[in-house]
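A.B. asks: Quick one: structure below, then a few questions.
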Amino acid sequence: ANSYVAALISERYPNLSSKITVVNPGISSAGRPDQENLAPFLREKYQLYNKVILLTLGRLVARKGVDNTIKALSKLEPGERAGLAYVVVGSGPEEANLRRLAEETGVAVIFTGSVSEDEKWSWLNLCDILIMPAREIDGDFEGFGIVYLEANLNGKPVIAGRSGGVSDAVADGISGLLVDPEDQKAIAAAIKTLSTDLEQREKLGVLG
């Protein structure tokens with residue numbers, strides 16, 4: 001369980017609260033595969049030169065917050081967006097809707113579809129910021145978010161939604177920035193803050 005689930009159980013069954021212990025999953029560099037580094041190939045393939053790369057990695061379902069990330073990017077000035085590249089790695093039931101939203105808002109998004117394990121780790125190596133402002137939708141919420149830890153393992157800061165069990169994986173101001181996942185202006189502000197401040201990105205990535 002995570003802290004969010006523990007709180008839900010304690011609220012419904014107060015007599016069990018003393019018996020609940022939260023043990024979060026973890027990762028270590030020992031668990032990282034010896035992957036082929038495809039980062040140079042990916043940078044060339046997608047022409048990701050002189051760009052701050054935002055990455056979302058995971059199954060494309062509504063709660064991941066890719067839609068609000070796209071809308072948040074649309075709120076930035078064109079000059080601010082020019083230095084950014086948003087890459088969405090993964091597939092899922094929301095992919096067609098997200099492609100349509102990107103087209104409607106005029107936000108350039110690179111959709112890669114599903115990728116190999118080597119390519120996944122290479123994207124984590126290549127990106128500058130992992131962004132996944134996950135939110136709760138009809139009781140469906142992010143239980144923990146191991147990908148946030150994987151980004152930190154690669155020295156990358158994260159922008160995450162303050163919902164579900166995410167706060168167990170992301171320490172606000174230490175390993176990344178926690179935002180209201182429904183507040184597109186807050187997401188945009190976090191993107192602007194980290195994309196324009198290399199020192200802050202490196203600080204959060206190292207501390208993560």
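Here, A, B, ... name the chains of the structure tokens in the order displayed, residue numbers run from 1 inside each chain, and ligands are numbered from 1 in the same displayed order.
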Name all residues at most 6 Å from A:Leu130 (count only C-alpha atoms; drop same-chain ones fewer than 3 positions away) and give them as a PyMOL selection string.
C.D. replies: chain A and resi 54-56+158
A.B. asks: Export N, CA and C atoms of the chosen residues as a PDB file, in the first residue's frame?
C.D. replies:
ATOM      1  N   LEU A  54      11.138  17.287 -22.422  1.00  0.00           N
ATOM      2  CA  LEU A  54      10.154  16.834 -21.441  1.00  0.00           C
ATOM      3  C   LEU A  54       9.712  15.438 -21.848  1.00  0.00           C
ATOM      4  N   LEU A  55       9.636  14.536 -20.900  1.00  0.00           N
ATOM      5  CA  LEU A  55       9.286  13.152 -21.214  1.00  0.00           C
ATOM      6  C   LEU A  55       8.151  12.661 -20.345  1.00  0.00           C
ATOM      7  N   THR A  56       7.159  12.048 -20.982  1.00  0.00           N
ATOM      8  CA  THR A  56       6.164  11.251 -20.262  1.00  0.00           C
ATOM      9  C   THR A  56       6.347   9.818 -20.722  1.00  0.00           C
ATOM     10  N   VAL A 158      11.589  15.562 -11.694  1.00  0.00           N
ATOM     11  CA  VAL A 158      10.262  15.231 -12.193  1.00  0.00           C
ATOM     12  C   VAL A 158       9.255  16.326 -11.848  1.00  0.00           C
TER      13      VAL A 158
END
A.B. asks: Applying 9 Å and only C-alpha atoms, which residues near stretch 174-180 of chain A remain after dropping the ones on its own chain fewer than 3 positions away? List them as an NGL selection string.
C.D. replies: :A and (133 or 135 or 148-149 or 152 or 156-163 or 166-167 or 169-171 or 183-184 or 186-187 or 190 or 194 or 201 or 203-208)
A.B. asks: Keeping only C-alpha atoms, write those residues as a PDB file, in the first residue's frame.
C.D. replies:
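The resulting file, out-v4.pdb, is shown below:
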ATOM      1  CA  PRO A 133       0.960  15.139 -13.475  1.00  0.00           C
ATOM      2  CA  ARG A 135      -4.620  12.686 -11.142  1.00  0.00           C
ATOM      3  CA  TYR A 148       9.524   8.842 -11.022  1.00  0.00           C
ATOM      4  CA  LEU A 149      12.232   6.900  -9.193  1.00  0.00           C
ATOM      5  CA  ASN A 152      15.704  10.183 -10.438  1.00  0.00           C
ATOM      6  CA  LYS A 156      16.500  13.738 -13.818  1.00  0.00           C
ATOM      7  CA  PRO A 157      13.974  15.866 -11.896  1.00  0.00           C
ATOM      8  CA  VAL A 158      10.262  15.231 -12.193  1.00  0.00           C
ATOM      9  CA  ILE A 159       7.046  17.223 -12.376  1.00  0.00           C
ATOM     10  CA  ALA A 160       4.302  15.147 -10.791  1.00  0.00           C
ATOM     11  CA  GLY A 161       0.686  15.469  -9.753  1.00  0.00           C
ATOM     12  CA  ARG A 162      -0.092  15.793  -6.066  1.00  0.00           C
ATOM     13  CA  SER A 163      -2.534  12.879  -5.973  1.00  0.00           C
ATOM     14  CA  VAL A 166       2.697   9.960  -5.804  1.00  0.00           C
ATOM     15  CA  SER A 167       3.861  11.937  -2.771  1.00  0.00           C
ATOM     16  CA  ALA A 169       7.643   8.641  -4.654  1.00  0.00           C
ATOM     17  CA  VAL A 170       8.292  12.367  -5.163  1.00  0.00           C
ATOM     18  CA  ALA A 171       9.526  14.763  -2.485  1.00  0.00           C
ATOM     19  CA  ASP A 183      -4.229  23.234 -12.582  1.00  0.00           C
ATOM     20  CA  GLN A 184      -2.826  23.728 -16.069  1.00  0.00           C
ATOM     21  CA  ALA A 186       0.545  25.461 -12.236  1.00  0.00           C
ATOM     22  CA  ILE A 187       1.835  22.751 -14.563  1.00  0.00           C
ATOM     23  CA  ALA A 190       6.560  24.219 -13.182  1.00  0.00           C
ATOM     24  CA  LEU A 194      12.607  23.802 -14.551  1.00  0.00           C
ATOM     25  CA  ARG A 201      17.210  20.760 -12.710  1.00  0.00           C
ATOM     26  CA  LYS A 203      20.008  20.055  -8.070  1.00  0.00           C
ATOM     27  CA  LEU A 204      16.701  18.196  -8.013  1.00  0.00           C
ATOM     28  CA  GLY A 205      18.055  15.408 -10.197  1.00  0.00           C
ATOM     29  CA  VAL A 206      21.030  14.827  -7.918  1.00  0.00           C
ATOM     30  CA  LEU A 207      19.021  15.090  -4.703  1.00  0.00           C
ATOM     31  CA  GLY A 208      16.445  12.660  -6.091  1.00  0.00           C
TER      32      GLY A 208
END
A.B. asks: Under the rule that only C-alpha atoms are counted, which of A:Asn154, A:Asn50, A:Asn37, A:Thr69 is the nearest residue to A:Gly83?
C.D. replies: A:Asn50
A.B. asks: Quick one: distance from atom CA of A:Ile146 to atom CA of A:Ser116 in Å, one decimal?
C.D. replies: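 Answer for the atom CA of A:Ile146 to atom CA of A:Ser116 separation: 17.2 Å.
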A.B. asks: Identify, on the basis of only C-alpha atoms, every residue whose closest approach to stretch 70-81 of chain A does not exceed 9 Å; exclude the query and any residue fewer than 6 positions from it along the same chain; express the result as number ranges by chain.
C.D. replies: A: 98, 101-102, 105-109, 183-189, 191-192
A.B. asks: Okay, now the selection with all heavy atoms, as an mmCIF file, in the first residue's frame?
C.D. replies:
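And here's selection.cif as it stands now:
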data_model
loop_
_atom_site.group_PDB
_atom_site.id
_atom_site.type_symbol
_atom_site.label_atom_id
_atom_site.label_comp_id
_atom_site.auth_asym_id
_atom_site.auth_seq_id
_atom_site.Cartn_x
_atom_site.Cartn_y
_atom_site.Cartn_z
ATOM 1 N N LEU A 98 -5.184 12.134 -27.520
ATOM 2 C CA LEU A 98 -4.052 13.001 -27.223
ATOM 3 C C LEU A 98 -3.425 13.548 -28.498
ATOM 4 O O LEU A 98 -3.036 14.725 -28.547
ATOM 5 C CB LEU A 98 -3.012 12.238 -26.396
ATOM 6 C CG LEU A 98 -3.471 11.834 -24.991
ATOM 7 C CD1 LEU A 98 -2.467 10.878 -24.353
ATOM 8 C CD2 LEU A 98 -3.687 13.062 -24.120
ATOM 9 N N LEU A 101 -5.709 16.285 -29.571
ATOM 10 C CA LEU A 101 -5.560 17.463 -28.719
ATOM 11 C C LEU A 101 -4.298 18.243 -29.079
ATOM 12 O O LEU A 101 -4.322 19.480 -29.128
ATOM 13 C CB LEU A 101 -5.507 17.030 -27.250
ATOM 14 C CG LEU A 101 -5.283 18.140 -26.227
ATOM 15 C CD1 LEU A 101 -6.432 19.139 -26.251
ATOM 16 C CD2 LEU A 101 -5.132 17.550 -24.826
ATOM 17 N N ALA A 102 -3.217 17.538 -29.329
ATOM 18 C CA ALA A 102 -1.967 18.203 -29.706
ATOM 19 C C ALA A 102 -2.157 18.991 -31.007
ATOM 20 O O ALA A 102 -1.690 20.133 -31.134
ATOM 21 C CB ALA A 102 -0.855 17.171 -29.865
ATOM 22 N N THR A 105 -4.397 22.128 -30.317
ATOM 23 C CA THR A 105 -3.755 23.186 -29.539
ATOM 24 C C THR A 105 -2.507 23.738 -30.212
ATOM 25 O O THR A 105 -1.953 24.755 -29.778
ATOM 26 C CB THR A 105 -3.361 22.676 -28.138
ATOM 27 O OG1 THR A 105 -2.518 21.528 -28.288
ATOM 28 C CG2 THR A 105 -4.592 22.312 -27.324
ATOM 29 N N GLY A 106 -2.042 23.050 -31.245
ATOM 30 C CA GLY A 106 -0.839 23.497 -31.931
ATOM 31 C C GLY A 106 0.437 23.196 -31.173
ATOM 32 O O GLY A 106 1.488 23.799 -31.440
ATOM 33 N N VAL A 107 0.366 22.267 -30.226
ATOM 34 C CA VAL A 107 1.546 21.891 -29.443
ATOM 35 C C VAL A 107 2.237 20.711 -30.133
ATOM 36 O O VAL A 107 1.610 19.679 -30.389
ATOM 37 C CB VAL A 107 1.166 21.504 -28.002
ATOM 38 C CG1 VAL A 107 2.373 20.961 -27.253
ATOM 39 C CG2 VAL A 107 0.584 22.709 -27.273
ATOM 40 N N ALA A 108 3.512 20.877 -30.431
ATOM 41 C CA ALA A 108 4.271 19.802 -31.072
ATOM 42 C C ALA A 108 4.586 18.725 -30.048
ATOM 43 O O ALA A 108 5.238 18.993 -29.040
ATOM 44 C CB ALA A 108 5.551 20.355 -31.675
ATOM 45 N N VAL A 109 4.100 17.520 -30.300
ATOM 46 C CA VAL A 109 4.336 16.395 -29.407
ATOM 47 C C VAL A 109 4.881 15.234 -30.225
ATOM 48 O O VAL A 109 4.370 14.921 -31.301
ATOM 49 C CB VAL A 109 3.037 15.949 -28.684
ATOM 50 C CG1 VAL A 109 3.337 14.800 -27.731
ATOM 51 C CG2 VAL A 109 2.400 17.113 -27.948
ATOM 52 N N ASP A 183 -4.532 21.820 -12.389
ATOM 53 C CA ASP A 183 -4.229 23.234 -12.582
ATOM 54 C C ASP A 183 -3.207 23.382 -13.711
ATOM 55 O O ASP A 183 -1.995 23.270 -13.497
ATOM 56 C CB ASP A 183 -3.691 23.829 -11.277
ATOM 57 C CG ASP A 183 -3.517 25.336 -11.331
ATOM 58 O OD1 ASP A 183 -3.459 25.898 -12.441
ATOM 59 O OD2 ASP A 183 -3.437 25.953 -10.253
ATOM 60 N N GLN A 184 -3.712 23.650 -14.911
ATOM 61 C CA GLN A 184 -2.826 23.728 -16.069
ATOM 62 C C GLN A 184 -1.836 24.888 -15.961
ATOM 63 O O GLN A 184 -0.697 24.791 -16.428
ATOM 64 C CB GLN A 184 -3.662 23.858 -17.343
ATOM 65 C CG GLN A 184 -4.484 22.622 -17.639
ATOM 66 C CD GLN A 184 -5.686 22.884 -18.520
ATOM 67 O OE1 GLN A 184 -5.735 23.907 -19.210
ATOM 68 N NE2 GLN A 184 -6.649 21.981 -18.519
ATOM 69 N N LYS A 185 -2.246 25.964 -15.320
ATOM 70 C CA LYS A 185 -1.329 27.093 -15.132
ATOM 71 C C LYS A 185 -0.186 26.711 -14.198
ATOM 72 O O LYS A 185 0.966 27.121 -14.400
ATOM 73 C CB LYS A 185 -2.073 28.309 -14.584
ATOM 74 C CG LYS A 185 -3.005 28.966 -15.596
ATOM 75 C CD LYS A 185 -3.642 30.226 -15.021
ATOM 76 C CE LYS A 185 -4.543 30.899 -16.063
ATOM 77 N NZ LYS A 185 -5.189 32.125 -15.514
ATOM 78 N N ALA A 186 -0.489 25.920 -13.165
ATOM 79 C CA ALA A 186 0.545 25.461 -12.236
ATOM 80 C C ALA A 186 1.516 24.514 -12.937
ATOM 81 O O ALA A 186 2.731 24.569 -12.698
ATOM 82 C CB ALA A 186 -0.086 24.776 -11.035
ATOM 83 N N ILE A 187 0.985 23.660 -13.794
ATOM 84 C CA ILE A 187 1.835 22.751 -14.563
ATOM 85 C C ILE A 187 2.733 23.557 -15.493
ATOM 86 O O ILE A 187 3.941 23.305 -15.593
ATOM 87 C CB ILE A 187 0.986 21.738 -15.360
ATOM 88 C CG1 ILE A 187 0.166 20.865 -14.411
ATOM 89 C CG2 ILE A 187 1.879 20.870 -16.245
ATOM 90 C CD1 ILE A 187 -0.889 20.013 -15.109
ATOM 91 N N ALA A 188 2.140 24.558 -16.161
ATOM 92 C CA ALA A 188 2.914 25.418 -17.063
ATOM 93 C C ALA A 188 4.017 26.145 -16.306
ATOM 94 O O ALA A 188 5.152 26.269 -16.786
ATOM 95 C CB ALA A 188 1.995 26.415 -17.759
ATOM 96 N N ALA A 189 3.694 26.634 -15.102
ATOM 97 C CA ALA A 189 4.683 27.352 -14.298
ATOM 98 C C ALA A 189 5.838 26.429 -13.904
ATOM 99 O O ALA A 189 7.009 26.836 -13.915
ATOM 100 C CB ALA A 189 4.024 27.937 -13.055
ATOM 101 N N ILE A 191 6.831 23.754 -15.555
ATOM 102 C CA ILE A 191 7.600 23.518 -16.780
ATOM 103 C C ILE A 191 8.540 24.691 -17.034
ATOM 104 O O ILE A 191 9.732 24.518 -17.318
ATOM 105 C CB ILE A 191 6.664 23.313 -17.986
ATOM 106 C CG1 ILE A 191 5.889 21.994 -17.864
ATOM 107 C CG2 ILE A 191 7.466 23.334 -19.299
ATOM 108 C CD1 ILE A 191 4.795 21.824 -18.900
ATOM 109 N N LYS A 192 8.009 25.898 -16.924
ATOM 110 C CA LYS A 192 8.815 27.099 -17.168
ATOM 111 C C LYS A 192 9.959 27.195 -16.165
ATOM 112 O O LYS A 192 11.104 27.500 -16.532
ATOM 113 C CB LYS A 192 7.930 28.336 -17.100
ATOM 114 C CG LYS A 192 8.641 29.623 -17.493
ATOM 115 C CD LYS A 192 7.665 30.794 -17.557
ATOM 116 C CE LYS A 192 8.375 32.083 -17.949
ATOM 117 N NZ LYS A 192 7.421 33.227 -18.041
#
A.B. asks: Just the residues within 7 Å of A:Ala85, please, counting only C-alpha atoms, with nothing from its chain fewer than 4 positions along; format it as a PyMOL selection string.
C.D. replies: chain A and resi 51-54
A.B. asks: Mind listing the strand (DSSP E) residues of stretch 132-199 of chain A, per DSSP on the backbone, as a short mmCIF file (atom, residue, chain, number, x, y, z; two decimals) with N, CA and C atoms, in the first residue's frame?
C.D. replies:
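The result, stored in part.cif:
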data_model
loop_
_atom_site.label_atom_id
_atom_site.label_comp_id
_atom_site.auth_asym_id
_atom_site.auth_seq_id
_atom_site.Cartn_x
_atom_site.Cartn_y
_atom_site.Cartn_z
N MET A 132 4.72 13.93 -15.42
CA MET A 132 3.54 13.08 -15.39
C MET A 132 2.64 13.56 -14.24
N VAL A 158 11.59 15.56 -11.69
CA VAL A 158 10.26 15.23 -12.19
C VAL A 158 9.25 16.33 -11.85
N ILE A 159 8.23 16.41 -12.67
CA ILE A 159 7.05 17.22 -12.38
C ILE A 159 5.91 16.23 -12.24
N ALA A 160 5.30 16.18 -11.07
CA ALA A 160 4.30 15.15 -10.79
C ALA A 160 3.04 15.75 -10.19
N GLY A 161 1.95 15.03 -10.31
CA GLY A 161 0.69 15.47 -9.75
C GLY A 161 0.58 15.10 -8.28
N GLY A 176 11.83 16.70 -7.19
CA GLY A 176 11.02 17.25 -8.28
C GLY A 176 10.03 18.26 -7.74
N LEU A 177 9.04 18.57 -8.54
CA LEU A 177 8.00 19.52 -8.16
C LEU A 177 6.65 18.84 -8.19
N LEU A 178 5.90 18.96 -7.10
CA LEU A 178 4.53 18.45 -7.04
C LEU A 178 3.57 19.59 -7.34
N VAL A 179 2.62 19.34 -8.23
CA VAL A 179 1.67 20.36 -8.62
C VAL A 179 0.24 19.82 -8.53
#
A.B. asks: How many Å lie between atom CA of A:Asn68 and atom CA of A:Pro181, rounded to one decimal?
C.D. replies: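 Interatomic distance here is 7.6 Å.
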A.B. asks: If you run DSSP on the backbone here, which positions in stretch 82-133 of chain A get helix (DSSP H, G or I)? Please write them as a PyMOL selection string.
C.D. replies: chain A and resi 82+95-105+117-126
A.B. asks: Which residues of stretch 111-134 of chain A come within 10 Å of stretch 92-95 of chain A, and for each one, what is the closest pair of atoms and their distance in Å to one decimal, counting only C-alpha atoms, sorted by chain and residue number, as CSV?
C.D. replies:
residue,atom,partner,partner_atom,distance
A:Phe111,CA,A:Glu95,CA,8.5
A:Gly113,CA,A:Gly92,CA,8.6
A:Ser114,CA,A:Gly92,CA,9.0
A.B. asks: Tell me which protein, DNA and RNA residues are within 12 Å of A:Ser91, counting only C-alpha atoms, leaving out same-chain ones fewer than 5 positions away, and put them as a list in words.
C.D. replies: Thr56, Leu57, Gly58, Arg59, Leu60, Val61, Ala62, Lys64, Val66, Ala96, Asn97, Leu98, Arg99, Phe111, Thr112, Gly113, Ser114 and Val115 of chain A
A.B. asks: Please produce a file of those selected residues containing N, CA and C atoms, as a compact mmCIF listing (two decimals), in the first residue's frame.
C.D. replies:
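Final output, selection.txt:
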# COMPACT_ATOMS: atom_id res chain seq x y z
N THR A 56 7.16 12.05 -20.98
CA THR A 56 6.16 11.25 -20.26
C THR A 56 6.35 9.82 -20.72
N LEU A 57 6.39 8.90 -19.76
CA LEU A 57 6.66 7.51 -20.08
C LEU A 57 5.66 6.64 -19.34
N GLY A 58 4.85 5.88 -20.09
CA GLY A 58 3.88 4.99 -19.44
C GLY A 58 2.69 4.73 -20.33
N ARG A 59 1.77 3.95 -19.82
CA ARG A 59 0.55 3.62 -20.55
C ARG A 59 -0.31 4.87 -20.66
N LEU A 60 -0.84 5.11 -21.86
CA LEU A 60 -1.58 6.34 -22.10
C LEU A 60 -3.05 6.17 -21.70
N VAL A 61 -3.28 6.41 -20.41
CA VAL A 61 -4.64 6.41 -19.85
C VAL A 61 -4.89 7.81 -19.29
N ALA A 62 -6.15 8.13 -19.09
CA ALA A 62 -6.54 9.50 -18.75
C ALA A 62 -5.85 10.01 -17.48
N LYS A 64 -2.99 9.72 -16.30
CA LYS A 64 -1.58 10.08 -16.39
C LYS A 64 -1.36 11.58 -16.57
N VAL A 66 -1.45 13.47 -19.41
CA VAL A 66 -0.81 13.95 -20.64
C VAL A 66 -1.64 15.07 -21.27
N ALA A 96 -5.16 8.27 -29.37
CA ALA A 96 -5.81 9.00 -30.47
C ALA A 96 -6.33 10.35 -29.99
N ASN A 97 -6.94 10.38 -28.80
CA ASN A 97 -7.45 11.63 -28.25
C ASN A 97 -6.31 12.63 -28.00
N LEU A 98 -5.18 12.13 -27.52
CA LEU A 98 -4.05 13.00 -27.22
C LEU A 98 -3.42 13.55 -28.50
N ARG A 99 -3.35 12.73 -29.52
CA ARG A 99 -2.84 13.21 -30.82
C ARG A 99 -3.75 14.31 -31.36
N PHE A 111 5.06 11.44 -30.39
CA PHE A 111 4.50 10.19 -29.86
C PHE A 111 5.32 9.04 -30.43
N THR A 112 5.95 8.26 -29.57
CA THR A 112 6.80 7.17 -30.04
C THR A 112 6.10 5.83 -30.09
N GLY A 113 4.95 5.69 -29.40
CA GLY A 113 4.34 4.39 -29.25
C GLY A 113 5.12 3.56 -28.25
N SER A 114 4.83 2.27 -28.20
CA SER A 114 5.52 1.38 -27.27
C SER A 114 6.99 1.23 -27.68
N VAL A 115 7.86 1.07 -26.70
CA VAL A 115 9.29 0.95 -26.99
C VAL A 115 9.88 -0.23 -26.22
